[in-house]
Structures are given as C-alpha cells and as structure tokens.
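Trainee: I have a structure here, written as structure tokens, and I will follow up with some questions on it.
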Amino acid sequence: MSLPTTPAALARFIDHTLTRADATIRDIEKLCVEAREYKFHSVSVNGSWVAEARHFLDGSDVKVGCAVGFPLGAMSGDVKRFEAEAAIDDGAHEIDVVLNLGRLKAGDDKYVLRELRDVVEAADEWPVKVILETCLLTREEKIRACQLVVESGARFVKTSTGFSTDGATVEDVKLMRETVGPKFGVKASGGIRDTKTALAMIEAGATRLGTSAGVAIVKGFAEVKPSR
C-alpha cells in the first residue's frame with residue numbers, strides 16, 4: 001500500500017473516533033471541530049450523537065460514521081438493522097457494525113451473512129464497515145469472516161472495536177488484505193495512537209484508520225517521515 005507523503009494525505013485516512021459511553025455534547029463538538037481543522041475523512045460516533053455531529057460538520061467535507069451493534073455485536077439482527085436505519089435517517093454517511101462473533105464461531109455462516117446483508121440494505125447504499133474483533137478470532141475465523149463480509153455487499157472489513165482484549169495488529173491487517181483482495185476496504189482500529197503505528201497499518205494494507213488520536217498522529221508526521 002502506498003504511504004501518504006503529507007500530513008494532509010495522512011489525515012484523509014482517519015476516522016476521528018469518540019465512542020466512549022461518557023462522551024457529552026461538548027466532547028462531540030470538540031471532535032467535530034478537530035475533524036474540520038485537520039480535514040479527517042470522518043468522525044465516528046455512537047447513534048445518539050449522529051444528528052449533532054452532522055450539525056457541527058455542516059458545510060464541511062467530513063463524513064459522519066455511526067457505530068452499530070457496538071461494542072459486542074451479540075444483539076438481535078433486527079436491532080442492528082433498525083439501528084442502522086435510524087443512523088442513516090439522522091444523517092450518517094457510513095455504518096460501522098460489529099459482527100456476531102458467537103454465531104461465526106458456531107459456524108452459523110448463514111445467520112452472519114443474512115444479518116450483514118440486512119444491515120447493508122438498511123444503510124441504503126452508504127458504506128458499511130464490518131468489525132471482526134480480530135483479537136477474539138482464530139486465523140481461520142478471520143478468513144471466513146472476511147469472505148462473508150465481501151459476500152454481504154459491505155465495503156470494508158475492520159479489525160476491532162477498541163473495547164476488547166486487543167486492537168489492530170499489522171499481521172491481522174495483512175491477512176485481511178490478502179483475503180479480501182486489493183480493492184476492498186480494510187480499516188485498522190484499536191490501539192493506533194502514534195504516527196509510526198498508523199503508517200505501519202497503511203503499509204500493511206489499511207485504507208482507513210479508526211483512532212481517537214488523529215490529531216497527535218497528523219502532528220507527528222514530520223518527526224517520523226525521515227525514517228520511513
């Protein structure tokens with residue numbers, strides 16, 4: 001994967017993320033102000049903040065992403081579908097939905113695929129990113145999950161919620177890229193807090209980065225550039 005050569009180019013990889021349970025309206029506003037200033041690709045928020053994020057970003061090119069089925073992915077598929085529909089109605093441009101890990105591990109691929117297709121349909125042609133929570137999966141399960149995501153009509157596979165036992169790894173990003181092919185979206189998320197790590201994920205095949213440290217990552221670009 002070709003590495004960004006400027007801070008602005010790096011910023012376009014970033015989904016500036018705030019999905020903490022205790023986030024307030026002022027936190028969301030600050031997130032959106034930073035996203036405007038640094039021209040990140042998007043902000044990523046929980047469903048109750050989508051309309052506010054759209055308001056704060058009005059007139060900018062920054063997209064609004066919404067977490068769905070977050071962070072466990074174990075709720076009813078009907079709930080995920082409704083959550084995605086509500087987010088789109090409130091103005092979301094992208095949906096990040098958590099895969100049902102228990103169903104995947106049980107080999108119930110038909111359930112997983114049907115649920116993902118329902119969310120993709122509910123997103124009404126807006127991009128859907130599917131969170132695999134790779135730290136909880138075997139290598140075979142990661143491959144199978146990626147194949148189901150591609151088949152579902154979603155646009156991205158994503159490593160992690162950032163709320164489990166571990167986050168993104170270079171090895172997982174490489175495996176996901178190898179499995180989905182060169183044109184499908186791969187989002188690395190979870191534990192990406194500095195520029196060096198961000199660039200390593202892009203080099204491994206990530207086309208998007210989910211992080212709450214986007215400002216620090218972009219500011220740190222000049223320091224790591226000579227060693228790349």
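As shown in the structure tokens, the chain order sets the letters A, B, ...; within each chain, residues go from 1, and ligands are also counted from 1 in the order they appear.
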Counting only C-alpha atoms, give me one row per residue of region 24-70 of chain A with an atom at most 9 Å from an atom of region 3-20 of chain A, showing the shortest contact pair and its distance in Å to one decimal, sorted by chain then residue number, as CSV.
Mentor:
residue,atom,partner,partner_atom,distance
A:Asp27,CA,A:Leu18,CA,8.2
A:Ile28,CA,A:Leu18,CA,7.4
A:Leu31,CA,A:His16,CA,7.2
A:Cys32,CA,A:His16,CA,8.4
A:Glu34,CA,A:His16,CA,8.5
A:Ala35,CA,A:His16,CA,6.7
A:Tyr38,CA,A:Ala11,CA,6.6
A:Lys39,CA,A:Ala11,CA,6.4
A:Phe40,CA,A:Ala11,CA,4.9
A:His41,CA,A:Arg12,CA,4.7
A:Ser42,CA,A:Asp15,CA,4.7
A:Val43,CA,A:His16,CA,4.5
A:Ser44,CA,A:Thr17,CA,4.6
A:Val45,CA,A:Thr19,CA,5.3
A:Asn46,CA,A:Thr19,CA,5.6
A:Lys63,CA,A:Asp15,CA,8.7
A:Val64,CA,A:Asp15,CA,8.9
A:Gly65,CA,A:Asp15,CA,8.0
A:Ala67,CA,A:Thr19,CA,7.8
Trainee: Could you write those residues out with all heavy atoms, as a tab-separated table (two decimals), in the first residue's frame?
Mentor:
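Result file follows (result-v3.tsv):
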chain	number	residue	atom	x	y	z
A	27	ASP	N	-17.98	17.17	24.11
A	27	ASP	CA	-16.95	16.29	23.57
A	27	ASP	C	-17.17	16.05	22.07
A	27	ASP	O	-16.21	16.03	21.28
A	27	ASP	CB	-16.95	14.94	24.30
A	27	ASP	CG	-16.61	15.06	25.77
A	27	ASP	OD1	-15.76	15.91	26.12
A	27	ASP	OD2	-17.20	14.30	26.56
A	28	ILE	N	-18.42	15.86	21.69
A	28	ILE	CA	-18.74	15.64	20.28
A	28	ILE	C	-18.42	16.90	19.47
A	28	ILE	O	-17.87	16.82	18.36
A	28	ILE	CB	-20.21	15.25	20.12
A	28	ILE	CG1	-20.52	13.95	20.87
A	28	ILE	CG2	-20.58	15.13	18.64
A	28	ILE	CD1	-19.75	12.73	20.40
A	31	LEU	N	-14.70	17.07	18.98
A	31	LEU	CA	-14.31	16.08	17.97
A	31	LEU	C	-14.53	16.63	16.57
A	31	LEU	O	-13.66	16.51	15.69
A	31	LEU	CB	-15.14	14.81	18.17
A	31	LEU	CG	-14.85	13.64	17.24
A	31	LEU	CD1	-13.68	12.82	17.78
A	31	LEU	CD2	-16.08	12.74	17.11
A	32	CYS	N	-15.68	17.24	16.35
A	32	CYS	CA	-16.03	17.75	15.03
A	32	CYS	C	-15.21	18.98	14.65
A	32	CYS	O	-14.82	19.15	13.48
A	32	CYS	CB	-17.52	18.06	14.97
A	32	CYS	SG	-18.57	16.59	15.10
A	34	GLU	N	-12.12	19.50	15.59
A	34	GLU	CA	-10.82	18.96	15.20
A	34	GLU	C	-10.89	18.32	13.82
A	34	GLU	O	-9.96	18.47	13.00
A	34	GLU	CB	-10.37	17.92	16.24
A	34	GLU	CG	-10.00	18.52	17.57
A	34	GLU	CD	-9.75	17.48	18.65
A	34	GLU	OE1	-10.15	16.30	18.46
A	34	GLU	OE2	-9.18	17.84	19.69
A	35	ALA	N	-11.98	17.61	13.55
A	35	ALA	CA	-12.12	16.96	12.23
A	35	ALA	C	-12.18	17.99	11.11
A	35	ALA	O	-11.61	17.79	10.03
A	35	ALA	CB	-13.38	16.09	12.22
A	38	TYR	N	-8.45	19.53	10.74
A	38	TYR	CA	-7.44	18.64	10.16
A	38	TYR	C	-7.93	17.93	8.90
A	38	TYR	O	-7.17	17.21	8.27
A	38	TYR	CB	-6.97	17.62	11.21
A	38	TYR	CG	-6.13	18.27	12.28
A	38	TYR	CD1	-6.71	18.77	13.43
A	38	TYR	CD2	-4.75	18.43	12.12
A	38	TYR	CE1	-5.95	19.38	14.42
A	38	TYR	CE2	-3.98	19.03	13.09
A	38	TYR	CZ	-4.58	19.52	14.23
A	38	TYR	OH	-3.82	20.13	15.20
A	39	LYS	N	-9.22	18.13	8.56
A	39	LYS	CA	-9.80	17.55	7.36
A	39	LYS	C	-9.68	16.01	7.35
A	39	LYS	O	-9.27	15.39	6.36
A	39	LYS	CB	-9.17	18.14	6.10
A	39	LYS	CG	-9.46	19.64	5.94
A	39	LYS	CD	-8.85	20.20	4.66
A	39	LYS	CE	-9.30	21.64	4.41
A	39	LYS	NZ	-8.96	22.56	5.49
A	40	PHE	N	-10.05	15.42	8.50
A	40	PHE	CA	-10.12	13.97	8.57
A	40	PHE	C	-11.21	13.45	7.62
A	40	PHE	O	-12.11	14.19	7.23
A	40	PHE	CB	-10.43	13.52	9.99
A	40	PHE	CG	-9.34	13.83	10.98
A	40	PHE	CD1	-9.63	14.47	12.19
A	40	PHE	CD2	-8.02	13.50	10.72
A	40	PHE	CE1	-8.64	14.75	13.10
A	40	PHE	CE2	-7.02	13.78	11.63
A	40	PHE	CZ	-7.32	14.42	12.83
A	41	HIS	N	-11.12	12.17	7.30
A	41	HIS	CA	-12.15	11.60	6.42
A	41	HIS	C	-13.52	11.67	7.07
A	41	HIS	O	-14.51	12.04	6.42
A	41	HIS	CB	-11.82	10.15	6.07
A	41	HIS	CG	-12.78	9.56	5.09
A	41	HIS	ND1	-13.99	9.02	5.47
A	41	HIS	CD2	-12.74	9.48	3.75
A	41	HIS	CE1	-14.64	8.61	4.40
A	41	HIS	NE2	-13.91	8.87	3.34
A	42	SER	N	-13.59	11.31	8.35
A	42	SER	CA	-14.88	11.30	9.03
A	42	SER	C	-14.70	11.41	10.53
A	42	SER	O	-13.58	11.31	11.06
A	42	SER	CB	-15.63	9.99	8.71
A	42	SER	OG	-15.12	8.92	9.48
A	43	VAL	N	-15.82	11.61	11.22
A	43	VAL	CA	-15.90	11.33	12.65
A	43	VAL	C	-16.70	10.06	12.81
A	43	VAL	O	-17.54	9.72	11.97
A	43	VAL	CB	-16.56	12.48	13.44
A	43	VAL	CG1	-15.75	13.76	13.32
A	43	VAL	CG2	-18.00	12.71	13.02
A	44	SER	N	-16.44	9.33	13.90
A	44	SER	CA	-17.19	8.11	14.18
A	44	SER	C	-17.76	8.22	15.59
A	44	SER	O	-17.00	8.39	16.55
A	44	SER	CB	-16.28	6.88	14.07
A	44	SER	OG	-17.03	5.69	14.21
A	45	VAL	N	-19.09	8.15	15.71
A	45	VAL	CA	-19.76	8.39	16.99
A	45	VAL	C	-20.83	7.33	17.21
A	45	VAL	O	-21.18	6.56	16.30
A	45	VAL	CB	-20.41	9.79	17.02
A	45	VAL	CG1	-19.36	10.88	16.88
A	45	VAL	CG2	-21.48	9.94	15.92
A	46	ASN	N	-21.36	7.29	18.43
A	46	ASN	CA	-22.50	6.43	18.73
A	46	ASN	C	-23.78	7.06	18.18
A	46	ASN	O	-23.85	8.27	17.91
A	46	ASN	CB	-22.60	6.20	20.23
A	46	ASN	CG	-21.52	5.27	20.74
A	46	ASN	OD1	-21.27	4.20	20.18
A	46	ASN	ND2	-20.86	5.67	21.82
A	63	LYS	N	-17.21	13.34	6.76
A	63	LYS	CA	-18.36	12.46	6.85
A	63	LYS	C	-18.67	12.14	8.31
A	63	LYS	O	-17.84	12.32	9.20
A	63	LYS	CB	-18.09	11.15	6.10
A	63	LYS	CG	-17.62	11.32	4.67
A	63	LYS	CD	-18.65	12.01	3.81
A	63	LYS	CE	-18.20	12.08	2.36
A	63	LYS	NZ	-19.12	12.89	1.53
A	64	VAL	N	-19.88	11.63	8.53
A	64	VAL	CA	-20.28	11.16	9.85
A	64	VAL	C	-20.50	9.65	9.79
A	64	VAL	O	-21.32	9.16	9.01
A	64	VAL	CB	-21.57	11.85	10.33
A	64	VAL	CG1	-22.01	11.27	11.67
A	64	VAL	CG2	-21.35	13.35	10.45
A	65	GLY	N	-19.73	8.93	10.62
A	65	GLY	CA	-19.89	7.49	10.73
A	65	GLY	C	-20.57	7.14	12.04
A	65	GLY	O	-20.40	7.85	13.04
A	67	ALA	N	-21.43	3.93	14.87
A	67	ALA	CA	-21.21	2.57	15.37
A	67	ALA	C	-22.56	1.89	15.59
A	67	ALA	O	-23.46	2.47	16.20
A	67	ALA	CB	-20.41	2.61	16.67
Trainee: DSSP on the backbone, then: every residue of region 92-204 of chain A marked strand (DSSP E or B), written as a VMD selection string.
Mentor: chain A and resid 94 to 98 128 to 131 156 to 158 185 to 189
Trainee: Can you pull out the residues contacting region 111-118 of chain A? Cut-off 9 Å, using only C-alpha atoms, and skip same-chain residues under 4 positions away; I want them as a ChimeraX atom specification.
Mentor: /A:76-78,80-81,97,99-101,103-104,122-123,130,145,148-149,151-154
Trainee: Produce a file of the selected residues containing N, CA and C atoms, as a compact mmCIF listing (two decimals), in the first residue's frame.
Mentor:
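Final output, saved to result38.txt:
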# COMPACT_ATOMS: atom_id res chain seq x y z
N SER A 76 -29.84 -8.87 18.73
CA SER A 76 -30.64 -9.34 17.61
C SER A 76 -30.26 -8.62 16.31
N GLY A 77 -30.28 -9.37 15.22
CA GLY A 77 -30.01 -8.76 13.93
C GLY A 77 -31.03 -7.69 13.58
N ASP A 78 -32.28 -7.87 14.04
CA ASP A 78 -33.31 -6.86 13.79
C ASP A 78 -32.95 -5.53 14.46
N LYS A 80 -29.87 -4.45 15.05
CA LYS A 80 -28.79 -3.85 14.26
C LYS A 80 -29.36 -3.16 13.01
N ARG A 81 -30.31 -3.84 12.38
CA ARG A 81 -30.91 -3.25 11.19
C ARG A 81 -31.61 -1.94 11.52
N VAL A 97 -20.50 -1.70 11.82
CA VAL A 97 -21.30 -2.66 12.56
C VAL A 97 -20.43 -3.81 13.06
N LEU A 99 -19.68 -7.57 13.94
CA LEU A 99 -20.06 -8.93 13.54
C LEU A 99 -20.55 -9.72 14.77
N ASN A 100 -21.48 -10.64 14.55
CA ASN A 100 -21.90 -11.55 15.62
C ASN A 100 -20.86 -12.66 15.76
N LEU A 101 -19.97 -12.49 16.72
CA LEU A 101 -18.82 -13.39 16.87
C LEU A 101 -19.24 -14.79 17.29
N ARG A 103 -22.03 -16.39 16.68
CA ARG A 103 -22.60 -17.10 15.52
C ARG A 103 -21.51 -17.54 14.56
N LEU A 104 -20.52 -16.66 14.35
CA LEU A 104 -19.40 -17.03 13.47
C LEU A 104 -18.65 -18.23 14.03
N ALA A 122 -30.18 -1.78 5.00
CA ALA A 122 -30.65 -0.68 5.83
C ALA A 122 -29.81 0.58 5.64
N ALA A 123 -28.54 0.40 5.29
CA ALA A 123 -27.65 1.54 5.09
C ALA A 123 -27.94 2.29 3.80
N VAL A 130 -17.51 -3.65 8.56
CA VAL A 130 -17.86 -4.73 9.49
C VAL A 130 -16.67 -5.01 10.42
N ALA A 145 -14.63 -14.84 8.15
CA ALA A 145 -15.37 -13.60 8.39
C ALA A 145 -15.17 -12.62 7.24
N LEU A 148 -17.24 -13.62 4.26
CA LEU A 148 -18.66 -13.32 4.45
C LEU A 148 -18.94 -11.83 4.28
N VAL A 149 -18.04 -11.01 4.77
CA VAL A 149 -18.21 -9.56 4.63
C VAL A 149 -18.22 -9.16 3.16
N GLU A 151 -18.99 -11.03 0.63
CA GLU A 151 -20.21 -11.57 0.02
C GLU A 151 -21.45 -10.76 0.40
N SER A 152 -21.42 -10.13 1.56
CA SER A 152 -22.59 -9.43 2.07
C SER A 152 -22.92 -8.14 1.33
N GLY A 153 -21.94 -7.58 0.64
CA GLY A 153 -22.14 -6.29 -0.01
C GLY A 153 -21.62 -5.12 0.80
N ALA A 154 -21.05 -5.39 1.99
CA ALA A 154 -20.39 -4.33 2.75
C ALA A 154 -19.16 -3.85 1.99
Trainee: Per DSSP on the backbone, filter region 52-190 of chain A down to the residues in helix (DSSP H, G or I) and report them as a PyMOL selection string.
Mentor: chain A and resi 52-56+77-89+101-105+109-122+134-136+139-152+170-180
Trainee: What does the structure give for the distance between CA of Val180 (chain A) and CA of Val157 (chain A), in Å to one decimal?
Mentor: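 It comes out at 8.3 Å.
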Trainee: Skip Glu83 (chain A) itself and residues of its chain fewer than 5 positions away, then list as number ranges by chain all residues within 8 Å of it, counting only C-alpha atoms.
Mentor: A: 47, 68-69
Trainee: Can you tell me which residues surround Gly185 (chain A) at a distance of at most 8 Å, considering only C-alpha atoms, apart from same-chain residues fewer than 5 positions away, and format the answer as a list in words?
Mentor: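 The residues that qualify are Arg155, Phe156, Val157, Ala206, Thr207 and Arg208 of chain A.
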Trainee: For CA of Asp90 (chain A) and CA of Trp126 (chain A), quote the distance in Å rounded to one decimal.
Mentor: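 Separation between CA of Asp90 (chain A) and CA of Trp126 (chain A): 13.1 Å.
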Trainee: Using only C-alpha atoms, can you tell me which of A:Ala198, A:Leu72, A:Ala84, A:Val119 comes closest to Phe221 (chain A)?
Mentor: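 The shortest atom-to-atom distance to Phe221 (chain A) comes from A:Ala198.
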Trainee: To one decimal in Å, tell me the separation between CA of Val186 (chain A) and CA of Glu140 (chain A).
Mentor: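 According to the coordinates, CA of Val186 (chain A) and CA of Glu140 (chain A) are separated by 17.7 Å.
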Trainee: Of the residues A:Thr197, A:Ser189, A:Thr134, A:Phe82, which is the one nearest to Met176 (chain A), using only C-alpha atoms?
Mentor: A:Thr134
